[in-house]
Amino acid sequence: MITPMLGEAWHAMGANRMRTFLTMLGMVIGVGAVILMLAIGQGAQFQVEQSIASMGSNLFIVQSGSSTSGGVRMGAGAASTLTIADAQAIEEFPNVAAVAPVAPGTAQMVYGPNNWSTSVIGTTPSYLDVREWKLSSGFGFTSTDVRSATRVALIAQMVVTNLFGDEDPVGITIRLKQSPFTVLGLLAPKGQSLDGRDQDDTVLVPVTTAQRKLFGSQFQGMVRFMMVQAASKEAMNTVERDMNDLLRQRHHLQEGTDNDFTVRNLTALANAAAQTAQVMSMMLGAIASISLLVGGIGIMNIMLVSVTERTREIGIRMAIGARQKDILMQFLLEALMISIVGCLIGVVLGVGGAVLVNVLAETAVVITGQSVLMAFLVAAAIGIFFGFYPANKAAKLKPIDALRYQ
Amino acid sequence: MVSPLIRIENLCKNYETAAGSVPALVDVDLQVDEGEFVAIMGPSGSGKSTFMNILGCLDIPSGGSYVLNGTNVGTLSKDELAHLRNKVIGFVFQGFNLLPRANLTENVALPLLYSNIGRNEREERALGLLAKVGLGKYGKSFPNQISGGQQQRVAIARALINSPRLILADEPTGNLDTHTSREIMNLFTQLNQEDGITIVLVTHEADIAAYTSRLVRFRDGRVEHDGAVKAEGVLT
């Protein structure tokens, strides 16, 4: 029963090619747009998630507060109220996995004829744990290096490329601000951070070395900020409260005075960014779905025209024994076929378009089987939904009226 | 005693218009036995087309009863009526009413589409009937490629495909020239005499009615005359 009807629907589609094509175009554009938009949206989402993963999980940044000197208030981090001892105290909490104090700066590096200016991060071995940063070769510095402020460095990919080219840097001595440093290891590439900085353009040195031998801080043991990793996502609230209390106590802050430090929950910020990306992805999809809806209305429109045009044919079919459901099925199948064929073409164009965007605009795109399947199901549903009214109209015609129709 | 193929009693049909109810058929009684060949005549507006539509289960009467092949048509659902049209009745129209997009084989096989017959058997039976009406070679042709007379033969083949008991022909020669009309009428006569199919046809022309054996004349929604076809004189 269904097979000859499919054949008939196919015939009917071929009977008026231009019209079928134009009707189908609505579906093609709709499905293509949905797939393309979802691919772009999910690509953006994927990038954000990648950046978040590269940042490390369950992170806080604890920053020094501002200082006021002669009525001029300095920005956050200027006061240097945080110390390495604070970091060690925070690390004592059972819910804290690792703490890495950071004394950042910038330094010119020289190796042979090459030189390169890069950001220097003075920190402790915990930094690698907190940032979930792996070494691609060599090994990291130890707490002994931190204690004795040895001149050792871990360098990231960008620095390697600019200073060494293809040479293996491990074990080689370079100069940072004129002082010789031995390269202990090479950091694995990490890509862009959430705010778009290249995380691979950096050098890690022991925090003590940075302070005493590179930047000559006037307050030894003071750090600009520290990164704190909670043991679990659930523990983050507890850790935030505990750190707050501990630091207030350690800094002898009276009841009612402001904190001389700030605690920021990086993971929450990152999740917000991820959510934004997801909402954007959904919005792109939703906007594209509107064109799918318009395509569906186009199908309904043409099917209504078709039913009117073929009223006599419907009459003939009824006269020779077609039941209402046969007529209903015939027109429903036609609508369904237009939408599904349109959808298939749309999928091809959408995927092709996404690949093109990926190549030409160098934007990440993600095409999931799920989004293709969804577009397909929606197209089929639209075919049935918008095909039903005209098909039902055809089926409900009275045989004698349909047969007499001129 | 076999029951008649068609038994109609007190049949009425009114059309509801803005001006009120207009009677098209009034108290029609008619019996047609198996194997009869009946001509229905009457001036325009006499109710003969309405009568044919009801006879063909395309329209429903306002009153009275219609028993076809032992079934009281008035009690049937739409699907059951469709089934009757498919299996028991074959239609032949004045305008042929073939589907222009389908070839002749597909046109003839069309009723089988609604009676669950496999593809091969559909084709086989359609080609057999095309051969029977003398168009065996035209299976792949399309309606617009053949003459009117040939189209009417295709329509007759289509009407025959489900081996109906009754063929209803509504002015089947109305669009044809005299020569072709004669051929079509000979075909009907053959079907009636050799295959025993009951045929009821509507016509305006006396010489077409002359092919039949019984004449029913309508006037103003009533049966005015019902009797054997004899001489030309009866037909005026």
# chains A, B, ... in the order shown; residues from 1 in each chain; ligands from 1
call {"tool": "closest_atom_pairs", "arguments": {"of": "chain B", "to": "chain A", "cutoff": "9 Å", "atoms": "only C-alpha atoms", "output": "CSV"}}
result
residue,atom,partner,partner_atom,distance
B:Asn53,CA,A:Ile400,CA,7.3
B:Gly56,CA,A:Ala319,CA,8.2
B:Cys57,CA,A:Ala319,CA,8.5
B:Leu58,CA,A:Ile400,CA,5.4
B:Asp59,CA,A:Ile400,CA,6.3
B:Lys78,CA,A:Arg323,CA,7.5
B:Asp79,CA,A:Arg323,CA,5.5
B:Glu80,CA,A:Arg323,CA,8.6
B:Leu81,CA,A:Gly321,CA,8.1
B:Ala82,CA,A:Gly321,CA,4.5
B:His83,CA,A:Gly321,CA,5.7
B:Leu84,CA,A:Gly321,CA,7.3
B:Arg85,CA,A:Gly321,CA,5.0
B:Asn86,CA,A:Gly321,CA,3.9
B:Lys87,CA,A:Gly321,CA,7.7
B:Ile89,CA,A:Ile320,CA,8.1
B:Gly90,CA,A:Ile320,CA,7.2
B:Phe91,CA,A:Ile320,CA,7.1
B:Asn97,CA,A:Ile316,CA,6.6
B:Leu98,CA,A:Ile316,CA,7.9
B:Leu99,CA,A:Glu313,CA,6.7
B:Arg101,CA,A:Ala15,CA,7.4
B:Ala102,CA,A:His11,CA,8.7
B:Leu110,CA,A:Arg317,CA,7.9
B:Pro111,CA,A:Ile320,CA,5.6
B:Leu112,CA,A:Gly321,CA,8.9
B:Leu113,CA,A:Met1,CA,7.0
B:Tyr114,CA,A:Ala322,CA,5.7
B:Ser115,CA,A:Gly321,CA,8.3
B:Asn116,CA,A:Met1,CA,6.1
B:Ile117,CA,A:Met1,CA,8.2
B:Gly118,CA,A:Met1,CA,8.5
B:Arg119,CA,A:Pro4,CA,7.9
B:Arg158,CA,A:Ile320,CA,8.7
B:Ala159,CA,A:Ile320,CA,7.9
call {"tool": "residues_around", "arguments": {"residues": "range 19-34 of chain B", "least_positions_apart": "6", "cutoff": "7 Å", "atoms": "only C-alpha atoms", "output": "list in words"}}
result
Pro4, Leu5, Ile6, Arg7, Ile8, Glu9, Asn10, Leu11, Cys12, Lys13, Gly47, Thr198, Gly221, Arg222 and Val223 of chain B
call {"tool": "select_by_dssp", "arguments": {"residues": "range 31-163 of chain B", "states": "strand (DSSP E)", "output": "list in words"}}
result
Gln31, Val32, Phe37, Val38, Ala39, Ile40, Met41, Gly63, Gly64, Ser65, Tyr66, Val67, Leu68, Thr71, Asn72, Ile89, Gly90, Phe91 and Val92 of chain B
call {"tool": "write_last_selection", "arguments": {"atoms": "N, CA and C atoms", "output": "compact mmCIF listing (two decimals), in the first residue's frame"}}
result
# COMPACT_ATOMS: atom_id res chain seq x y z
N GLN B 31 -36.16 -0.94 -10.10
CA GLN B 31 -35.42 -2.18 -9.88
C GLN B 31 -34.63 -2.50 -11.13
N VAL B 32 -33.40 -2.89 -10.95
CA VAL B 32 -32.60 -3.33 -12.09
C VAL B 32 -32.07 -4.72 -11.75
N PHE B 37 -29.37 -4.01 -19.34
CA PHE B 37 -28.66 -2.93 -20.01
C PHE B 37 -29.66 -1.78 -20.12
N VAL B 38 -29.50 -0.78 -19.25
CA VAL B 38 -30.53 0.24 -19.08
C VAL B 38 -30.03 1.61 -19.56
N ALA B 39 -30.87 2.31 -20.30
CA ALA B 39 -30.56 3.69 -20.68
C ALA B 39 -31.42 4.63 -19.85
N ILE B 40 -30.81 5.69 -19.36
CA ILE B 40 -31.58 6.70 -18.63
C ILE B 40 -31.57 7.97 -19.46
N MET B 41 -32.73 8.48 -19.73
CA MET B 41 -32.82 9.70 -20.53
C MET B 41 -33.65 10.73 -19.78
N GLY B 63 -33.90 10.68 1.27
CA GLY B 63 -34.90 9.77 1.85
C GLY B 63 -35.08 8.55 0.96
N GLY B 64 -35.79 7.56 1.48
CA GLY B 64 -36.01 6.34 0.73
C GLY B 64 -34.87 5.36 0.91
N SER B 65 -34.95 4.24 0.23
CA SER B 65 -33.88 3.25 0.41
C SER B 65 -33.28 2.82 -0.92
N TYR B 66 -32.03 2.45 -0.85
CA TYR B 66 -31.29 2.00 -2.02
C TYR B 66 -30.52 0.75 -1.61
N VAL B 67 -30.91 -0.38 -2.17
CA VAL B 67 -30.22 -1.63 -1.87
C VAL B 67 -29.43 -2.04 -3.11
N LEU B 68 -28.13 -2.13 -2.95
CA LEU B 68 -27.26 -2.51 -4.07
C LEU B 68 -26.61 -3.84 -3.74
N THR B 71 -26.98 -5.05 -0.29
CA THR B 71 -26.55 -4.18 0.80
C THR B 71 -27.37 -2.90 0.81
N ASN B 72 -27.89 -2.55 1.98
CA ASN B 72 -28.59 -1.28 2.09
C ASN B 72 -27.57 -0.15 2.19
N ILE B 89 -18.82 -1.38 -8.34
CA ILE B 89 -19.22 -0.44 -9.38
C ILE B 89 -18.01 -0.04 -10.23
N GLY B 90 -18.23 0.08 -11.55
CA GLY B 90 -17.22 0.67 -12.42
C GLY B 90 -17.79 1.93 -13.03
N PHE B 91 -17.01 3.02 -13.01
CA PHE B 91 -17.51 4.29 -13.55
C PHE B 91 -16.91 4.58 -14.92
N VAL B 92 -17.78 5.09 -15.82
CA VAL B 92 -17.30 5.64 -17.09
C VAL B 92 -17.93 7.02 -17.22
call {"tool": "residues_around", "arguments": {"residues": "Asp168 in chain A", "least_positions_apart": "3", "cutoff": "12 Å", "atoms": "only C-alpha atoms", "output": "PDB file with N, CA and C atoms, in the first residue's frame"}}
result
ATOM      1  N   SER A 136      56.182  18.716  28.741  1.00  0.00           N
ATOM      2  CA  SER A 136      56.327  17.836  27.577  1.00  0.00           C
ATOM      3  C   SER A 136      57.723  17.218  27.535  1.00  0.00           C
ATOM      4  N   SER A 137      58.672  17.845  28.228  1.00  0.00           N
ATOM      5  CA  SER A 137      59.971  17.182  28.399  1.00  0.00           C
ATOM      6  C   SER A 137      60.689  17.796  29.599  1.00  0.00           C
ATOM      7  N   GLY A 138      61.730  17.131  30.085  1.00  0.00           N
ATOM      8  CA  GLY A 138      62.454  17.599  31.267  1.00  0.00           C
ATOM      9  C   GLY A 138      61.651  17.360  32.526  1.00  0.00           C
ATOM     10  N   ILE A 155      60.168  26.601  30.562  1.00  0.00           N
ATOM     11  CA  ILE A 155      59.722  27.517  29.511  1.00  0.00           C
ATOM     12  C   ILE A 155      58.604  26.896  28.678  1.00  0.00           C
ATOM     13  N   GLN A 157      55.966  26.845  25.156  1.00  0.00           N
ATOM     14  CA  GLN A 157      56.192  26.567  23.747  1.00  0.00           C
ATOM     15  C   GLN A 157      56.602  27.787  22.921  1.00  0.00           C
ATOM     16  N   VAL A 160      60.119  28.777  23.463  1.00  0.00           N
ATOM     17  CA  VAL A 160      61.015  27.816  22.813  1.00  0.00           C
ATOM     18  C   VAL A 160      61.149  28.150  21.339  1.00  0.00           C
ATOM     19  N   THR A 161      59.997  28.361  20.699  1.00  0.00           N
ATOM     20  CA  THR A 161      59.997  28.651  19.269  1.00  0.00           C
ATOM     21  C   THR A 161      60.825  29.889  18.962  1.00  0.00           C
ATOM     22  N   LEU A 163      63.179  31.408  20.859  1.00  0.00           N
ATOM     23  CA  LEU A 163      64.586  31.443  21.278  1.00  0.00           C
ATOM     24  C   LEU A 163      65.416  30.313  20.680  1.00  0.00           C
ATOM     25  N   PHE A 164      64.780  29.141  20.576  1.00  0.00           N
ATOM     26  CA  PHE A 164      65.579  27.967  20.221  1.00  0.00           C
ATOM     27  C   PHE A 164      65.302  27.412  18.835  1.00  0.00           C
ATOM     28  N   GLY A 165      64.161  27.764  18.282  1.00  0.00           N
ATOM     29  CA  GLY A 165      63.805  27.140  17.008  1.00  0.00           C
ATOM     30  C   GLY A 165      63.564  25.664  17.231  1.00  0.00           C
ATOM     31  N   GLY A 171      68.183  21.647  29.683  1.00  0.00           N
ATOM     32  CA  GLY A 171      69.573  21.575  30.125  1.00  0.00           C
ATOM     33  C   GLY A 171      70.416  22.749  29.667  1.00  0.00           C
ATOM     34  N   ILE A 172      69.885  23.560  28.795  1.00  0.00           N
ATOM     35  CA  ILE A 172      70.649  24.684  28.242  1.00  0.00           C
ATOM     36  C   ILE A 172      70.527  25.896  29.165  1.00  0.00           C
ATOM     37  N   THR A 173      71.537  26.700  29.188  1.00  0.00           N
ATOM     38  CA  THR A 173      71.509  27.897  30.025  1.00  0.00           C
ATOM     39  C   THR A 173      71.164  29.118  29.172  1.00  0.00           C
ATOM     40  N   VAL A 183      67.507  25.840  31.900  1.00  0.00           N
ATOM     41  CA  VAL A 183      66.173  25.357  31.520  1.00  0.00           C
ATOM     42  C   VAL A 183      66.019  23.924  32.010  1.00  0.00           C
ATOM     43  N   LEU A 184      65.040  23.743  32.947  1.00  0.00           N
ATOM     44  CA  LEU A 184      64.832  22.411  33.498  1.00  0.00           C
ATOM     45  C   LEU A 184      63.865  21.593  32.660  1.00  0.00           C
ATOM     46  N   GLY A 185      62.823  22.257  32.167  1.00  0.00           N
ATOM     47  CA  GLY A 185      61.794  21.498  31.455  1.00  0.00           C
ATOM     48  C   GLY A 185      61.010  22.377  30.510  1.00  0.00           C
ATOM     49  N   LEU A 186      60.220  21.693  29.730  1.00  0.00           N
ATOM     50  CA  LEU A 186      59.445  22.356  28.696  1.00  0.00           C
ATOM     51  C   LEU A 186      57.960  22.115  29.003  1.00  0.00           C
TER      52      LEU A 186
END
call {"tool": "residues_around", "arguments": {"residues": "Gly350 in chain A", "least_positions_apart": "3", "cutoff": "6 Å", "atoms": "only C-alpha atoms", "output": "MDAnalysis selection string"}}
result
chainID A and resid 32 35:36 346:347 353
call {"tool": "residues_around", "arguments": {"residues": "Met109 in chain A", "least_positions_apart": "5", "cutoff": "12 Å", "atoms": "only C-alpha atoms", "output": "list in words"}}
result
Asn114, Asn115, Trp116, Ser117, Thr118, Ser119, Val120, Ala153, Ile155, Val159, Val160, Asn162, Leu163, Phe164, Thr173, Ile174, Arg175, Leu176, Lys177, Gln178, Ser179, Pro180, Phe181, Val183, Asp201, Thr202, Val203 and Leu214 of chain A
call {"tool": "residues_around", "arguments": {"residues": "range 220-227 of chain A", "least_positions_apart": "6", "cutoff": "9 Å", "atoms": "only C-alpha atoms", "output": "PyMOL selection string"}}
result
chain A and resi 59-64+77-85+87+98-104+123+127+130-131+207-208+211-212
